[in-house]
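**Student:** My questions will all concern the structure given below.
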Amino acid sequence: MTTRAEFMERVRREMARTRGLFPARVAERPADPMTAAELVRRQLAERWPQALERFRQEFERLSGVFHAVASPSEVPAVVGRIARERSARRLITWSASALGADLGEGFRGEGLDAVAMPDDPVDEAAARELRAINAAAEIGITGADLAIGETGTLVLVSGRGRPRSTSLLPEYHFAVFDRRALVETLEQAGVMLEAWHADPADPMSGGVINFITGPSRTADIELTLTRGVHGPREVHAIFVSR
Amino acid sequence: MAPAKPALERSGPHLREEDTLLSAPVESRSFPERAAGATRDRFLQQALTIATTRFVASRDEVFAAFPQGDALRDRARQIKEAVLQRLDHYLEQLTANVERAGGHVHFATTAEEARAIILDIARRNQVKLIVKGKSMAAEEIHLNEALEHAGMAVAETDLGEYIIQLAHERPSHIIAPAIHKTKAQIADLFARELRREVAADPEVITRLARGTLREKFLQADMGITGANFAVADTGTIVLVTNEGNGRMVTSLPRVHVALMGVEKVIPSMTDLVIFLQILARSATGQKLSSYTTLVRGPRRPTELEGPQELHLVLMDNGRVRQLAGTLREALYCLRCGACLNVCPVYRQIGGHAYGDTYPGPIGILMTAMLRGTPAVKDLAHASSLCGACAEVCPVRIDIPRMLIELREHLDREKIAPWPERLLFKACGWLLGRPALYRLAAPLARLGQAPFVRDGRIRSLPSFFGRWTRTRDLPAVAARTFGERWAALAREA
Ligand code: SF4
């Protein structure tokens, strides 16, 4: 087996034989990612309505469904209505602390079987049970850490009380967010990524960070667009204006 | 091949077995035979025209509405070159950061070594069922065969790859692996392999695949993916998919193995965002693919799910020696498939005729990289050098230049067949002697006389007949441009 040292030695030997094709530079990163992120946030404090409108347009172009509500307590009613139209009952949700609101009662009030994901690690038996619940769920409720106007993208970071699969296994995914998540461009999202990773211990640096741009789709059969091949076939964005 | 059962109703014209030669493994035939077979396959011709035309149209449309696209492509190209100039540094940094996040990094010089590393991980974890995301690198090293040989079950989970796997074939397009199959053929295949009646409707077939593969995701012990990028600064593996299978594979099984060529490393998240803006646009005409998944290390202690082990396999397999080789620029490739869609040769013959893992213009270069120049003795000529590939390539890889260099090499090393070399030598000699060249025109007019009909040569004898079998040759004009020019000069 090749060791790391041998492998790198070989790379260096071959590199030494050439100066490359032309003088080239990598992308210029923000010198201080935290300050750069703060600057983006300040810009968005004024421009968020434009970002939201752009997001709505792009998201709908991807066949996403956009909803706006005044407060988190109105979220269950929106979900309940869609669930009844789709004859869906089984719902899983990020934990109350991850969502920033406890919607469990609200969902149950809509007649939904709602299970919230725990904040703390569970033992193996409980984990197996949770997995079965997740696998059978029809509706998944998550937050969103960014909503990108330019592309209609929702960005979700996995972590405590925010499993990777809540936005993946169910057929219907609802992401709830407010104006703090809005950015206008992918470039701004890039600044946020840099800031999240400035400290490797920052929980916002993952496990997994997912950029979700519309429903799961495939065009593998005769280039016919088909939704919901593995992931959700519908994605709903619920904007809370508060 | 699975034994053929009576086919269900086909929606297309009924075809005889020899019309669909491409469903058999093709490597045993020579390139001209494979190409000829492909041009006779009516299903394939239809599918190729529809698919490539649509891909090209969506790509052009999305770039037309994206004025900063050109500048971003220039920057992306620069980044790729800059990374290669400090490849050792970025690989070291990537390794350190993957390990810091709790992952393991392995180094494979050859395909064989890469297979052995992955087999070993699977064995140590007592893996029975593996789910795979789409990975050209895994195709390149024939990973599935190795795992199956060791008694493990492997399920491809990208719908196109799954179809190909059921059919025991190889992908025919980098991003749309089953582009060569019609929905009727796929419905037949599912009916046969899954033993149930299936309507030839993409929606129905997709639902069926969702159910079947969902079971496998939930049961699998190990997930294998490629990597579109790996960010050195953070140790992040980046997967770009539309279906969400990449997310399943990296969320549900207890072990995740990512296999990537060394050239996929990029410096930072800022660089990543530049690539993301052009990758999906070039591949499918989307602004972003449905899912861009950034994986950093195995499951965190705060997480309820995710793999307990994460392994990154960094693979050389012929790449590193090209750092100073003629194919260096091919190491920029993002595998978007845009160069396939615009290539007049690919559009005629499809992916299988290329006979190896990577099809299309970039595929010729990749085949040369992986198997050496003699392996592309014929393929090096499967290009009109029109330059369409270089024009659409998001990182502006000059594919035609490298193809010409390959041809030169084949000639110099006497790998090309002698009549070809002789002919080119004769042409070169003649073109270097203007006086003789001027004499050649009247001579050619004499020589061609028996073959010319209506100003065209439609068939030629023996060796030269290969040319006229598939196209006409324009006859040498009654007065060539040179002759007319000379006459005009005399008059003046
Ligand atoms: S060579 Fe360029 S166009 Fe072709 S697949 Fe690679 S990146 Fe895409």
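Order determines the names: the first chain of the structure tokens is A, the second B, and so forth; residues in each chain are numbered 1 upward, and ligands are numbered 1 upward as they are shown.
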Output the contact residues of chain B with respect to chain A at a cut-off of 7 Å, based on only C-alpha atoms, as a PyMOL selection string.
**Tutor:** chain B and resi 51+78-79+81-82+85+88+107-109+113+159-160+176+178-179+182-183+202-203+206-207+210+234+242-245+251+269-271+273+287-300+302-305+320-321+323-324
**Student:** Could you save those same residues with C-alpha atoms as an mmCIF file, in the first residue's frame?
**Tutor:**
data_model
loop_
_atom_site.group_PDB
_atom_site.id
_atom_site.type_symbol
_atom_site.label_atom_id
_atom_site.label_comp_id
_atom_site.auth_asym_id
_atom_site.auth_seq_id
_atom_site.Cartn_x
_atom_site.Cartn_y
_atom_site.Cartn_z
ATOM 1 C CA ALA B 51 -31.055 14.520 -25.299
ATOM 2 C CA GLN B 78 -7.397 29.954 -12.967
ATOM 3 C CA ILE B 79 -8.282 28.241 -9.703
ATOM 4 C CA GLU B 81 -4.438 25.716 -12.624
ATOM 5 C CA ALA B 82 -3.393 27.379 -9.368
ATOM 6 C CA GLN B 85 0.703 24.355 -9.108
ATOM 7 C CA ASP B 88 0.937 18.867 -2.654
ATOM 8 C CA PHE B 107 -3.850 7.106 -0.685
ATOM 9 C CA ALA B 108 -4.220 4.964 -3.788
ATOM 10 C CA THR B 109 -1.611 5.092 -6.542
ATOM 11 C CA GLU B 113 -4.928 -0.170 -4.688
ATOM 12 C CA LEU B 159 -31.767 6.287 -11.192
ATOM 13 C CA GLY B 160 -29.769 6.275 -14.411
ATOM 14 C CA ALA B 176 -27.204 11.031 -17.853
ATOM 15 C CA ALA B 178 -28.988 5.839 -19.343
ATOM 16 C CA ILE B 179 -29.448 8.430 -22.067
ATOM 17 C CA THR B 182 -35.971 4.461 -24.234
ATOM 18 C CA LYS B 183 -38.677 4.318 -21.590
ATOM 19 C CA PRO B 202 -41.162 7.665 -16.493
ATOM 20 C CA GLU B 203 -43.355 8.628 -13.521
ATOM 21 C CA THR B 206 -39.472 6.340 -11.008
ATOM 22 C CA ARG B 207 -42.002 5.532 -8.254
ATOM 23 C CA ARG B 210 -38.017 4.984 -5.250
ATOM 24 C CA THR B 234 -12.223 22.765 5.884
ATOM 25 C CA ASN B 242 -30.435 16.173 -8.280
ATOM 26 C CA GLU B 243 -32.127 13.088 -6.926
ATOM 27 C CA GLY B 244 -31.067 13.195 -3.281
ATOM 28 C CA ASN B 245 -29.456 9.776 -3.409
ATOM 29 C CA SER B 251 -26.827 10.014 5.997
ATOM 30 C CA MET B 269 -15.440 27.764 0.379
ATOM 31 C CA THR B 270 -15.021 30.954 -1.653
ATOM 32 C CA ASP B 271 -13.581 28.900 -4.510
ATOM 33 C CA VAL B 273 -19.046 29.043 -4.654
ATOM 34 C CA LYS B 287 -28.712 27.501 -11.663
ATOM 35 C CA LEU B 288 -27.870 24.972 -8.986
ATOM 36 C CA SER B 289 -28.552 21.255 -8.869
ATOM 37 C CA SER B 290 -31.292 20.270 -6.417
ATOM 38 C CA TYR B 291 -28.816 19.206 -3.770
ATOM 39 C CA THR B 292 -25.339 20.433 -3.018
ATOM 40 C CA THR B 293 -24.192 18.468 0.013
ATOM 41 C CA LEU B 294 -21.186 19.524 2.088
ATOM 42 C CA VAL B 295 -19.967 16.669 4.269
ATOM 43 C CA ARG B 296 -17.437 17.393 6.986
ATOM 44 C CA GLY B 297 -16.328 14.357 8.926
ATOM 45 C CA PRO B 298 -18.497 11.551 10.283
ATOM 46 C CA ARG B 299 -21.553 12.100 12.493
ATOM 47 C CA ARG B 300 -21.022 14.678 15.223
ATOM 48 C CA THR B 302 -24.654 16.036 18.815
ATOM 49 C CA GLU B 303 -26.207 14.278 15.800
ATOM 50 C CA LEU B 304 -28.782 11.498 15.866
ATOM 51 C CA GLU B 305 -27.744 10.024 12.528
ATOM 52 C CA VAL B 320 -0.202 12.589 -11.163
ATOM 53 C CA ARG B 321 2.168 11.823 -14.035
ATOM 54 C CA LEU B 323 0.984 17.148 -13.949
ATOM 55 C CA ALA B 324 3.983 17.569 -16.226
#
**Student:** Step by step, measure atom-to-atom distances between ligand 1 and each residue using only C-alpha atoms and all ligand atoms, keep those at most 7 Å, then write them as a list in words.
**Tutor:**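 Selection of residues at most 7 Å from ligand 1: Ala330, Tyr332, Cys333, Leu334, Arg335, Cys336, Gly337, Ala338, Cys339, Leu340, Ile362, Cys389, Val392, Cys393, Pro394, Val395, Arg396 and Ile397 of chain B.
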**Student:** Which distance in Å separates CA of Asp178 (chain A) and CA of Val79 (chain A), to one decimal?
**Tutor:**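 Taking CA of Asp178 (chain A) and CA of Val79 (chain A), their separation equals 16.6 Å.
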**Student:** Could you pull out all residues of region 262-468 of chain B with a DSSP call of alpha helix (DSSP H) and give them as a count of residues only?
**Tutor:** 90
**Student:** Name all residues at most 12 Å from Ser87 (chain A) (count only C-alpha atoms; drop same-chain ones fewer than 6 positions away) and give them as a ChimeraX atom specification.
**Tutor:** /A:79-81,111-112,138-139,171-172
